[in-house]
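Colleague: Please see the structure below; I have some questions.
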Amino acid sequence: MDLRYSESDEAFRKELREWLADVLPGLPAEPSIDDWPGRRDYDTGWQRQLFEAGYAGISWPTEYGGRGATLVEQLIYLEETTRAGAPYVGVNFVGTLHAGPTIMTEATPEQKAEHLPRILRGDEVWCQGFSEPNAGSDLGSLGCRGVRDGDEYVITGQKTWTSFAQIADWCEMLIRTDPDAPKHKGITWVMFPMDTPGIEIRPIHTIAGSTEFSEVFFDEARVPVVNRVGQENDGWRVAMVTFGFERGTGFVSDLVETDRLISDLVRLARQVTRRSARAWDDIALRREIGHLQAEMDALWAMTKRNLSQAARTGVPGPAGSVMKVVYSELYQRVTDLAMRVLERGSLSLDDLGDWPSGGFVHERVRSTSFSIAAGTSQIQRNIIAERILGLPRE
Ligand SMILES: Cc1cc2nc3c(=O)[nH]c(=O)nc-3n(C[C@H](O)[C@H](O)[C@H](O)COP(=O)(O)OP(=O)(O)OC[C@H]3O[C@@H](n4cnc5c(N)ncnc54)[C@H](O)[C@@H]3O)c2cc1C
């Protein structure tokens with residue numbers, strides 16, 4: 001691993017920084033929290049701008065239209081886009097960070113040609129239909145049936161917690177195609193068009209005031225067999241490839257967000273005054289923030305190692321689970337500390353005077369989901385125990 005910046009790395013940074021300074025002031029206003037069509041327009045508009053400037057799919061190989069950036073360039077990209085406050089990947093998360101990479105790794109040349117350019121341009125939004133009411137951590141127990149009927153699968157059942165379902169064009173979906181086989185051997189990974197007749201999407205309202213995910217019901221919805229990725233009943237293996245990307249490298253941008261949040265917390269502590277002293281004047285608080293930043297720095301070093309491994313092998317290893325556990329719990333601790341800085345101010349989702357308190361309270365509520373989404377912390381710890389530490393299976 002060589003992570004020093006060369007002259008060409010610095011040239012890449014300069015070019016990107018200038019581009020960001022040029023385009024960011026011209027972005028439209030962000031849509032409100034529950035304006036999903038507006039959110040789709042905003043996020044896919046940004047994806048299109050990245051595409052036209054040659055920055056879309058920064059880690060994707062050039063043969064699939066990506067930038068094919070080196071590892072160091074990818075890290076520079078993350079640092080610079082975060083520093084400049086560029087939009088987050090948003091509704092393009094599933095497509096660009098794990099459905100697309102799974103298609104790249106597992107799909108046929110025709111499937112790649114159909115989807116990869118459209119994902120990169122922001123023309124296709126994807127969602128993930130893996131979880132079900134009785135199959136979350138124990139995903140292998142999923143029951144949504146796909147019955148083969150000629151050259152179609154007829155799908156009946158339910159998915160849940162499907163993020164962005166209401167505005168997605170496609171769903172990476174797991175269906176049970178052989179109910180008699182051992183549970184991990186009867187699953188198939190399919191690309192499901194979200195405009196297929198026979199589905200109903202019911203948004204779920206969260207405590208944070210969002211409807212970002214939904215329940216999705218399937219009533220004999222038909223999907224062509226050519227939409228299958230991998231072999232019939234080999235979907236569990238393909239899903240592990242998806243998870244490798246989702247848990248391994250998909251969270252890197254969230255990590256950069258965590259770093260930004262710690263800097264915001266420092267600014268907040270300097271702004272908030274209690275009995276004529278600034279919160280920042282409290283040595284114990286400064287020490288706590290220092291510890292959080294040190295953990296963040298260690299995590300960033302580990303991320304570089306993990307990305308470096310992914311660049312060598314093409315697929316991230318189980319170390320992504322370590323990153324996911326530490327990042328999600330660190331983010332929660334940063335927001336917890338912000339609540340202590342705000343004291344009673346943390347009881348309102350609105351900003352207090354000129355303190356940006358509402359955003360921190362919102363992040364505290366939202367971050368509760370971080371240690372659940374994409375595999376709970378307990379499940380990640382099981383993976384770390386079994387696949388990294390080599391401990392006996394649970
Ligand atoms: C914000 C958010 C977005 C999401 N988006 C999507 C999406 O787009 N698509 C999708 O398919 N899913 C999505 N999910 C679902 C997510 O993958 C599941 O919530 C997660 O896998 C946990 O499953 P569950 O909710 O059924 O909890 P359960 O599996 O019922 O777990 C309940 C509790 O038991 C613990 N537990 C379970 N089994 C074990 C074990 N073997 N050892 C130790 N502890 C255990 C868990 O850690 C947890 O604390 C999303 C979830 C969130 C929060």
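Residues are named by chain letter and number: chains run A, B, ... in the order of the structure tokens, numbers start at 1 in each chain, and ligands are numbered from 1 in the order shown.
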Find the nearest atom pair between each residue of chain A and ligand 1 for residues within 8 Å, count only C-alpha atoms and all ligand atoms, give distances in Å to one decimal, sort rows by chain and ascending number, and present the table as a Markdown table.

Modeller:
```
| residue | atom | partner | partner_atom_place_in_ligand_line | distance |
| --- | --- | --- | --- | --- |
| A:Val94 | CA | ligand 1 | 8 (O) | 7.8 |
| A:Cys127 | CA | ligand 1 | 8 (O) | 5.8 |
| A:Gln128 | CA | ligand 1 | 9 (N) | 4.3 |
| A:Gly129 | CA | ligand 1 | 11 (O) | 4.4 |
| A:Phe130 | CA | ligand 1 | 11 (O) | 3.4 |
| A:Ser131 | CA | ligand 1 | 11 (O) | 3.7 |
| A:Glu132 | CA | ligand 1 | 26 (O) | 6.9 |
| A:Pro133 | CA | ligand 1 | 26 (O) | 6.2 |
| A:Asn134 | CA | ligand 1 | 26 (O) | 6.4 |
| A:Ala135 | CA | ligand 1 | 26 (O) | 5.6 |
| A:Gly136 | CA | ligand 1 | 23 (O) | 3.2 |
| A:Ser137 | CA | ligand 1 | 29 (O) | 3.5 |
| A:Asp138 | CA | ligand 1 | 29 (O) | 5.8 |
| A:Leu139 | CA | ligand 1 | 21 (O) | 7.4 |
| A:Lys159 | CA | ligand 1 | 11 (O) | 7.0 |
| A:Thr160 | CA | ligand 1 | 12 (N) | 6.5 |
| A:Trp161 | CA | ligand 1 | 13 (C) | 4.5 |
| A:Thr162 | CA | ligand 1 | 8 (O) | 3.9 |
| A:Ser163 | CA | ligand 1 | 8 (O) | 3.8 |
| A:Phe164 | CA | ligand 1 | 8 (O) | 7.0 |
| A:Ala165 | CA | ligand 1 | 8 (O) | 7.8 |
| A:Glu212 | CA | ligand 1 | 1 (C) | 7.7 |
| A:Phe213 | CA | ligand 1 | 5 (N) | 6.5 |
| A:Arg366 | CA | ligand 1 | 1 (C) | 7.9 |
| A:Thr368 | CA | ligand 1 | 53 (C) | 7.9 |
| A:Ser369 | CA | ligand 1 | 53 (C) | 4.3 |
| A:Phe370 | CA | ligand 1 | 53 (C) | 6.4 |
| A:Ser371 | CA | ligand 1 | 53 (C) | 7.6 |
| A:Ile372 | CA | ligand 1 | 53 (C) | 4.9 |
| A:Ala373 | CA | ligand 1 | 51 (C) | 3.8 |
| A:Ala374 | CA | ligand 1 | 17 (O) | 4.4 |
| A:Gly375 | CA | ligand 1 | 21 (O) | 4.3 |
| A:Thr376 | CA | ligand 1 | 47 (O) | 4.7 |
| A:Ser377 | CA | ligand 1 | 47 (O) | 6.1 |
| A:Gln378 | CA | ligand 1 | 47 (O) | 4.4 |
| A:Ile379 | CA | ligand 1 | 47 (O) | 5.6 |
| A:Asn382 | CA | ligand 1 | 42 (N) | 6.7 |
| A:Glu394 | CA | ligand 1 | 41 (N) | 7.4 |
```

Colleague: Based on the backbone DSSP call, show me all residues of segment 235-354 of chain A assigned strand (DSSP E), as a list of chain:residue names.

Modeller: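 The strand (DSSP E) subset of segment 235-354 of chain A is A:Thr273, A:Arg274, A:Ala277, A:Arg278.
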
Colleague: Would you compute the distance between atom CA of Gly186 of chain A and atom CA of Met173 of chain A? Give it in Å to one decimal.

Modeller: 13.8 Å

Colleague: Restricting the calculation to only C-alpha atoms, which member of A:Glu246, A:Asp282, A:Asp43, A:Asp123 is positioned closest to Pro318 of chain A?

Modeller: A:Glu246

Colleague: Which of these, A:Ser328, A:Thr258, A:Ser357, A:Thr273, has the shortest distance to Glu79 of chain A once you count only C-alpha atoms?

Modeller: A:Thr258

Colleague: What's around Ala181 of chain A at 12 Å? Count only C-alpha atoms, leave out sequence neighbours fewer than 4 positions away in its own chain, and write the answer as a list of chain:residue names.

Modeller: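 Final neighbour list, sorted by chain and number: A:Gly140, A:Ser141, A:Arg176, A:Thr177, A:Lys185, A:Gly186, A:Ile187, A:Asn233, A:Asp234.
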
Colleague: Restricted to all heavy atoms, what would the selected residues look like written as a compact mmCIF listing (two decimals), in the first residue's frame?

Modeller:
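Okay, again20.txt is ready:
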```
# COMPACT_ATOMS: atom_id res chain seq x y z
N GLY A 140 -31.31 -15.47 5.27
CA GLY A 140 -31.47 -16.75 4.57
C GLY A 140 -32.86 -17.35 4.74
O GLY A 140 -33.24 -18.25 4.00
N SER A 141 -33.64 -16.83 5.70
CA SER A 141 -34.99 -17.36 5.92
C SER A 141 -36.02 -16.69 5.03
O SER A 141 -37.22 -16.91 5.20
CB SER A 141 -35.42 -17.14 7.37
OG SER A 141 -34.61 -17.88 8.22
N ARG A 176 -37.24 -16.61 -3.24
CA ARG A 176 -37.04 -18.04 -2.96
C ARG A 176 -37.57 -18.84 -4.14
O ARG A 176 -38.75 -18.85 -4.42
CB ARG A 176 -37.75 -18.45 -1.66
CG ARG A 176 -37.53 -19.92 -1.35
CD ARG A 176 -37.67 -20.26 0.11
NE ARG A 176 -36.76 -19.54 0.98
CZ ARG A 176 -35.47 -19.82 1.16
NH1 ARG A 176 -34.92 -20.83 0.53
NH2 ARG A 176 -34.72 -19.09 1.96
N THR A 177 -36.66 -19.47 -4.84
CA THR A 177 -37.04 -20.23 -6.03
C THR A 177 -37.10 -21.73 -5.78
O THR A 177 -37.67 -22.46 -6.59
CB THR A 177 -36.06 -19.92 -7.18
OG1 THR A 177 -34.75 -19.76 -6.65
CG2 THR A 177 -36.46 -18.65 -7.92
N LYS A 185 -29.74 -22.36 -0.17
CA LYS A 185 -29.51 -22.92 -1.51
C LYS A 185 -30.72 -22.79 -2.42
O LYS A 185 -30.70 -23.31 -3.56
CB LYS A 185 -29.10 -24.39 -1.38
CG LYS A 185 -27.81 -24.58 -0.62
CD LYS A 185 -27.12 -25.84 -1.06
CE LYS A 185 -25.65 -25.89 -0.79
NZ LYS A 185 -25.05 -25.64 0.39
N GLY A 186 -31.79 -22.13 -1.94
CA GLY A 186 -32.99 -22.03 -2.77
C GLY A 186 -33.33 -20.58 -3.12
O GLY A 186 -34.48 -20.24 -3.36
N ILE A 187 -32.30 -19.71 -3.14
CA ILE A 187 -32.53 -18.25 -3.30
C ILE A 187 -31.94 -17.80 -4.64
O ILE A 187 -30.88 -18.29 -5.06
CB ILE A 187 -31.85 -17.50 -2.13
CG1 ILE A 187 -32.55 -17.84 -0.80
CG2 ILE A 187 -31.85 -15.99 -2.36
CD1 ILE A 187 -31.84 -17.34 0.44
N ASN A 233 -31.07 -20.34 -7.92
CA ASN A 233 -30.74 -20.92 -6.60
C ASN A 233 -29.29 -20.65 -6.15
O ASN A 233 -28.85 -21.23 -5.17
CB ASN A 233 -31.02 -22.44 -6.56
CG ASN A 233 -32.49 -22.71 -6.80
OD1 ASN A 233 -33.35 -21.93 -6.37
ND2 ASN A 233 -32.81 -23.77 -7.51
N ASP A 234 -28.61 -19.76 -6.87
CA ASP A 234 -27.24 -19.39 -6.47
C ASP A 234 -27.22 -17.95 -5.94
O ASP A 234 -26.18 -17.31 -5.86
CB ASP A 234 -26.30 -19.54 -7.67
CG ASP A 234 -24.82 -19.43 -7.27
OD1 ASP A 234 -24.50 -19.79 -6.12
OD2 ASP A 234 -24.02 -18.97 -8.10
```

Colleague: I'd like the neighbourhood of Met191 of chain A as a list in words, where a residue qualifies if any of its atoms comes within 6 Å (using only C-alpha atoms), though same-chain residues fewer than 5 positions away should be ignored.

Modeller: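 Once the nearby chain positions are removed, what remains is Cys171, Glu172 and Asn227 of chain A.
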
Colleague: For Leu116 of chain A, list every protein, DNA or RNA residue within 10 Å, evaluated using only C-alpha atoms, and leave out those in the same chain fewer than 6 positions away; present the list as a compact mmCIF listing (two decimals) with N, CA and C atoms, in the first residue's frame.

Modeller:
```txt
# COMPACT_ATOMS: atom_id res chain seq x y z
N GLY A 57 -18.82 7.27 -10.82
CA GLY A 57 -18.22 5.94 -10.70
C GLY A 57 -16.71 6.06 -10.56
N TRP A 60 -15.21 2.82 -10.37
CA TRP A 60 -15.60 1.85 -11.39
C TRP A 60 -14.53 1.78 -12.48
N TYR A 64 -16.41 0.09 -17.88
CA TYR A 64 -17.85 0.26 -17.59
C TYR A 64 -18.22 1.73 -17.49
N GLY A 65 -17.37 2.60 -18.00
CA GLY A 65 -17.70 4.02 -18.02
C GLY A 65 -17.27 4.77 -16.78
N GLY A 66 -16.62 4.08 -15.86
CA GLY A 66 -16.19 4.74 -14.63
C GLY A 66 -14.90 5.52 -14.83
N GLY A 95 -27.64 1.92 -6.44
CA GLY A 95 -27.17 1.71 -7.81
C GLY A 95 -25.66 1.83 -7.94
N THR A 96 -25.12 2.94 -7.44
CA THR A 96 -23.69 3.18 -7.68
C THR A 96 -22.79 2.40 -6.73
N ALA A 99 -25.55 -2.28 -6.11
CA ALA A 99 -26.18 -3.04 -7.22
C ALA A 99 -25.28 -2.99 -8.46
N GLY A 100 -24.82 -1.78 -8.80
CA GLY A 100 -23.94 -1.63 -9.98
C GLY A 100 -22.69 -2.51 -9.85
N PRO A 101 -21.93 -2.39 -8.74
CA PRO A 101 -20.76 -3.24 -8.58
C PRO A 101 -21.08 -4.74 -8.62
N ILE A 103 -23.54 -6.10 -10.39
CA ILE A 103 -23.78 -6.37 -11.82
C ILE A 103 -22.43 -6.48 -12.54
N MET A 104 -21.54 -5.56 -12.21
CA MET A 104 -20.20 -5.58 -12.84
C MET A 104 -19.50 -6.91 -12.60
N GLU A 124 -31.00 5.72 -13.95
CA GLU A 124 -31.68 4.61 -13.27
C GLU A 124 -31.43 4.71 -11.78
```

Colleague: Enter the distance from atom CA of Arg260 of chain A to atom CA of Gly122 of chain A, in Å, rounded to one decimal.

Modeller: 25.8 Å

Colleague: Which residue gives the smallest distance to Pro61 of chain A among A:Leu391, A:Ala208, A:Ala168, A:Leu120, with only C-alpha atoms counted?

Modeller: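 Of all the options, A:Leu120 lies closest to Pro61 of chain A.
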
Colleague: Show which residues sit within 12 Å of Lys14 of chain A, as an NGL selection string. Count only C-alpha atoms, and ignore same-chain residues fewer than 5 positions away.

Modeller: :A and (7-9 or 19-21 or 73 or 76-77 or 80)

Colleague: Quick check, in Å to one decimal: how far apart do atom CA of Leu16 of chain A and atom CA of Val89 of chain A lie?

Modeller: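 Separation between atom CA of Leu16 of chain A and atom CA of Val89 of chain A: 16.7 Å.
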
Colleague: Do a neighbour search on segment 25-40 of chain A at 7 Å with only C-alpha atoms, toss out local chain neighbours closer than 5 positions, and write the hits as a list in words.

Modeller: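 So the residues in contact are Val91, Ile167, Ser210 and Thr211 of chain A.
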